[in-house]
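Undergrad: One structure, pasted below without further comment.
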Amino acid sequence: MILELDINSLAAGGDGVGRDETGRVTFVPRTAPGDRVRVRIIKQTKTFARAELVEVLTPSPARVEPPCRHFTEGCGGCDWMHVSRAEQLAAKQAIVAGALRKLEGLTVHPIADPAPPLGWRRRARFHVGGDAVGLYQLGTNRIVPIDSCPQLDPRLDAAYQKTVALTPPSGELALMVSEKGDIALATTRPWRLALGLVESDWLSGVVSAGVMVGEPVIELEPGLWGSPWEFAQASAAGNAALIARVHEAIGPGPGKLLELFAGNGNLTRGLLAAGWSVTATDGVKPPKPPTPDYLDGEVTDVLRRLRGSFDVVVLDPPRAGAADSIEHIVRLSPRTIAYVSCDPATLARDAVKLAESGYRATDAWPIDLMPQTSHVEVVMRLEKHPREPSP
């Protein structure tokens, strides 16, 4: 079925949103607010439809020429390279405000834009199959070959190009660059060139099918260590802004602070420097724990074992949120909670649960850590709300 639509907004997943003649919502990738488009319906229900773009009939003023030819070839790594930066930021602000709209008394601050529009990625993963190294085509498992990626830090892009020229093994490829320029890479399958690679002058270390060669654990920034498979915020400038917002949310120490989903200590090191006594926890203790008080184990299991109270809880859970942890957090009775989220919808869900348990969300700070994509990070402050005295 072919339709003509006006695109009115951008959705959290990156698609443009329009309505057909019946008012049914239709999601269309690679469109921009203000576009008049012709689309082909590929899936439909009574309440919504999904479509693919056939033709842009009238381009929006927000539509721009993508700065990467691989985007026009169908690479699915970026959602919004065809959308102006101003429109990207406005869309992310609206997505966050819409998701958090039911939280009374919440101030949603203007979105921060700390990262450059391109060249900000200090870590990345690519797919390798046959003779192709790149990213999947939008909506498929077909690899779009990529010879250079403008989203990468130029030093990382140069390392990626050298790696591609050496024909890495099929599977997954991960690369990371430190603040000082150290490069580490990893492959899911054995690579016979790994030993020779680390003897070169451009690579610190390789993780090849789980085997470490050289020094693949590098210091991303002062006090923050990681290897290519480990999570780290992709933008150094964005990460600095994120850390600053967390500090704004909780203020300086001293006091007892519990950090959940602490990972390799991205937030921990700054919390310690600010005077907090930090107990940190996550599923796996990192090779270089940022604090001696680091408890490994599933977060909910650790929370069940903890006794006493904490002045502050800081949490940075995965996209699924922290629903299973809410009751345990409340039991610890912190006065302030700083919740870092990469999904405004699950943040809203968990904030409602916390509100039902006596915590009021006061401030939310959206941050655009990943330009040209639909991803948005939010730091939220929640304060323990005193109970009204009984009459």
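In the structure tokens, chains take letters A, B, ... by order of appearance, with residues numbered from 1 within each chain and ligands from 1 in the order shown.
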Which neighbours of range 48-56 of chain A fall inside 7 Å, counting only C-alpha atoms, when residues of the same chain fewer than 2 positions from it are skipped, and could you give them as a list in words?
TA: Arg24, Val25, Thr26, Phe27, Val28, Pro29, Asp35, Arg36, Val37, Arg38, Val39, Arg40, Ile41, Ile42, Lys43, Gln44, Thr45, Lys46, Thr58 and Pro59 of chain A
Undergrad: Got a sec to tell me which of range 76-164 of chain A DSSP assigns to alpha helix (DSSP H), as a short mmCIF file (atom, residue, chain, number, x, y, z; two decimals) with C-alpha atoms, in the first residue's frame?
TA:
```cif
data_model
loop_
_atom_site.label_atom_id
_atom_site.label_comp_id
_atom_site.auth_asym_id
_atom_site.auth_seq_id
_atom_site.Cartn_x
_atom_site.Cartn_y
_atom_site.Cartn_z
CA ARG A 85 21.26 19.52 14.78
CA ALA A 86 18.73 22.07 16.03
CA GLU A 87 15.87 19.75 15.12
CA GLN A 88 17.65 16.75 16.67
CA LEU A 89 18.01 18.60 19.97
CA ALA A 90 14.40 19.82 19.90
CA ALA A 91 13.19 16.27 19.24
CA LYS A 92 15.18 14.83 22.12
CA GLN A 93 13.93 17.54 24.46
CA ALA A 94 10.35 16.73 23.43
CA ILE A 95 10.88 12.97 23.83
CA VAL A 96 12.18 13.42 27.38
CA ALA A 97 9.47 15.91 28.36
CA GLY A 98 6.78 13.64 26.91
CA ALA A 99 8.03 10.55 28.74
CA PRO A 154 39.87 10.70 13.96
CA ARG A 155 42.50 8.61 15.77
CA LEU A 156 40.04 5.74 16.11
CA ASP A 157 38.97 6.08 12.48
CA ALA A 158 42.60 5.80 11.36
CA ALA A 159 43.00 2.65 13.48
CA TYR A 160 39.76 1.24 12.06
CA GLN A 161 40.98 1.77 8.50
CA LYS A 162 44.27 -0.02 9.28
CA THR A 163 42.35 -2.88 10.89
CA VAL A 164 40.01 -3.30 7.91
#
```
Undergrad: As a list in words, please: the residues near Ile143 in chain A (cut-off 8 Å, only C-alpha atoms, same-chain neighbours under 6 positions excluded).
TA: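 Non-adjacent residues within range: His127, Val128, Gly129, Ala132, Val133, Gly134, Leu135, Tyr136 and Gln137 of chain A.
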Undergrad: Based on DSSP run over this structure's backbone, return all residues of range 74-166 of chain A in strand (DSSP E), as a list in words.
TA: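 Across range 74-166 of chain A, those assigned strand (DSSP E) are Thr107, Val108, Arg123, Ala124, Arg125, Phe126, His127, Val128, Gly129, Ala132, Val133, Gly134, Leu135, Tyr136, Ile143, Val144 and Pro145 of chain A.
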Undergrad: Please produce a file of the residues just selected, as a PDB file, in the first residue's frame, where the atoms kept are C-alpha atoms.
TA:
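Final output, again_4.pdb:
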```
ATOM      1  CA  THR A 107      11.572  20.656  36.093  1.00  0.00           C
ATOM      2  CA  VAL A 108      12.928  19.362  32.794  1.00  0.00           C
ATOM      3  CA  ARG A 123      34.676   3.336  21.170  1.00  0.00           C
ATOM      4  CA  ALA A 124      32.749   1.433  18.493  1.00  0.00           C
ATOM      5  CA  ARG A 125      31.737  -2.032  17.331  1.00  0.00           C
ATOM      6  CA  PHE A 126      31.479  -3.345  13.787  1.00  0.00           C
ATOM      7  CA  HIS A 127      30.300  -6.525  12.101  1.00  0.00           C
ATOM      8  CA  VAL A 128      32.649  -8.645   9.987  1.00  0.00           C
ATOM      9  CA  GLY A 129      31.341 -11.122   7.444  1.00  0.00           C
ATOM     10  CA  ALA A 132      32.756  -6.888   4.442  1.00  0.00           C
ATOM     11  CA  VAL A 133      33.482  -4.889   7.587  1.00  0.00           C
ATOM     12  CA  GLY A 134      30.856  -2.363   8.621  1.00  0.00           C
ATOM     13  CA  LEU A 135      27.410  -1.956  10.157  1.00  0.00           C
ATOM     14  CA  TYR A 136      24.061  -3.510   9.352  1.00  0.00           C
ATOM     15  CA  ILE A 143      26.528  -5.592   6.344  1.00  0.00           C
ATOM     16  CA  VAL A 144      27.083  -2.232   4.667  1.00  0.00           C
ATOM     17  CA  PRO A 145      30.861  -2.048   4.059  1.00  0.00           C
TER      18      PRO A 145
END
```
Undergrad: Would you mind listing what lies within 9 Å of range 211-215 of chain A as a list of chain:residue names, with only C-alpha atoms counted and same-chain residues fewer than 5 positions away left out?
TA: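 Skipping anything fewer than 5 positions along the chain leaves A:Ala184, A:Ala186, A:Pro190, A:Ala194, A:Leu195, A:Val198, A:Glu199, A:Leu203, A:Ser204, A:Gly205, A:Val206.
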Undergrad: What lies within 8 Å of range 278-281 of chain A using only C-alpha atoms, ignoring chain neighbours under 5 positions off, as a VMD selection string?
TA: chain A and resid 256 to 263 268 271 to 272 291 293 to 297 299 302
Undergrad: Could you turn the residues from that selection into a file that holds N, CA and C atoms, as a CSV table (one decimal), in the first residue's frame?
TA:
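Done, and the output landed in selection.csv:
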```csv
chain,number,residue,atom,x,y,z
A,256,LYS,N,27.5,9.1,53.3
A,256,LYS,CA,27.5,7.7,52.8
A,256,LYS,C,26.7,7.6,51.5
A,257,LEU,N,27.4,7.1,50.5
A,257,LEU,CA,26.8,7.0,49.1
A,257,LEU,C,26.8,5.6,48.6
A,258,LEU,N,25.7,5.1,48.1
A,258,LEU,CA,25.7,3.8,47.4
A,258,LEU,C,25.5,4.0,45.9
A,259,GLU,N,26.4,3.4,45.2
A,259,GLU,CA,26.4,3.5,43.7
A,259,GLU,C,26.0,2.1,43.1
A,260,LEU,N,24.9,2.1,42.4
A,260,LEU,CA,24.4,0.8,41.8
A,260,LEU,C,24.7,0.8,40.3
A,261,PHE,N,25.0,-0.3,39.8
A,261,PHE,CA,25.4,-0.5,38.3
A,261,PHE,C,26.6,0.4,38.1
A,262,ALA,N,27.6,0.2,38.9
A,262,ALA,CA,28.8,1.1,38.9
A,262,ALA,C,29.8,0.9,37.7
A,263,GLY,N,29.7,-0.3,37.1
A,263,GLY,CA,30.5,-0.6,36.0
A,263,GLY,C,32.0,-0.5,36.4
A,268,THR,N,32.2,6.6,39.9
A,268,THR,CA,32.8,6.4,41.3
A,268,THR,C,33.9,7.3,41.6
A,271,LEU,N,32.9,10.8,42.5
A,271,LEU,CA,32.2,10.8,43.8
A,271,LEU,C,33.1,10.7,44.9
A,272,LEU,N,34.1,9.9,44.8
A,272,LEU,CA,35.2,9.8,45.9
A,272,LEU,C,35.9,11.1,46.0
A,291,THR,N,37.2,1.6,44.0
A,291,THR,CA,37.1,1.7,45.5
A,291,THR,C,37.3,0.3,46.1
A,293,ASP,N,35.6,-0.7,48.5
A,293,ASP,CA,34.3,-1.1,48.9
A,293,ASP,C,33.4,-1.3,47.6
A,294,TYR,N,33.9,-2.3,46.8
A,294,TYR,CA,33.2,-2.7,45.6
A,294,TYR,C,32.6,-4.1,45.7
A,295,LEU,N,31.3,-4.2,45.7
A,295,LEU,CA,30.6,-5.5,45.9
A,295,LEU,C,30.2,-6.0,44.5
A,296,ASP,N,30.6,-7.2,44.2
A,296,ASP,CA,30.2,-7.8,42.9
A,296,ASP,C,29.0,-8.7,43.2
A,297,GLY,N,28.1,-8.8,42.2
A,297,GLY,CA,26.9,-9.6,42.3
A,297,GLY,C,25.8,-8.9,41.7
A,299,VAL,N,22.7,-6.8,41.3
A,299,VAL,CA,22.4,-5.6,42.1
A,299,VAL,C,21.3,-5.9,43.2
A,302,VAL,N,22.7,-7.9,46.0
A,302,VAL,CA,23.6,-7.1,46.9
A,302,VAL,C,22.7,-6.2,47.8
```
Undergrad: Find the spatial neighbours of Leu224 in chain A, counting only C-alpha atoms, within a cut-off of 10 Å - ignore same-chain residues fewer than 4 positions away - and output them as a list of chain:residue names.
TA: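 The residues that qualify are A:Ser178, A:Ile218, A:Glu219, A:Leu220, A:Ala232, A:Asn264, A:Gly265, A:Asn266, A:Leu267, A:Thr268, A:Arg269, A:Lys288, A:Pro289, A:Pro290.
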Undergrad: Store the residues of this selection in a file with C-alpha atoms, as a PDB file, in the first residue's frame.
TA:
```
ATOM      1  CA  SER A 178      42.083   6.584  25.124  1.00  0.00           C
ATOM      2  CA  ILE A 218      43.723   1.116  28.538  1.00  0.00           C
ATOM      3  CA  GLU A 219      43.135   4.287  30.560  1.00  0.00           C
ATOM      4  CA  LEU A 220      40.321   6.006  28.686  1.00  0.00           C
ATOM      5  CA  ALA A 232      32.026   3.152  28.439  1.00  0.00           C
ATOM      6  CA  ASN A 264      34.229   0.244  35.729  1.00  0.00           C
ATOM      7  CA  GLY A 265      33.879   3.255  38.022  1.00  0.00           C
ATOM      8  CA  ASN A 266      33.020   6.029  35.586  1.00  0.00           C
ATOM      9  CA  LEU A 267      31.029   7.916  38.221  1.00  0.00           C
ATOM     10  CA  THR A 268      32.754   6.421  41.270  1.00  0.00           C
ATOM     11  CA  ARG A 269      36.075   8.218  40.874  1.00  0.00           C
ATOM     12  CA  LYS A 288      40.833  -2.208  38.530  1.00  0.00           C
ATOM     13  CA  PRO A 289      38.058  -1.461  41.083  1.00  0.00           C
ATOM     14  CA  PRO A 290      37.759   2.287  41.740  1.00  0.00           C
TER      15      PRO A 290
END
```
Undergrad: Measuring atom to atom with only C-alpha atoms, identify which of A:Gly23, A:Pro114, A:Gly321, A:Pro334 is nearest to Gly308 in chain A.
TA: A:Pro334
Undergrad: Pick the closest to Val64 in chain A from A:Gln372, A:Ala11, A:Ser200, A:Asp153: which is it, counting only C-alpha atoms?
TA: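 Smallest distance to Val64 in chain A is found for A:Gln372.
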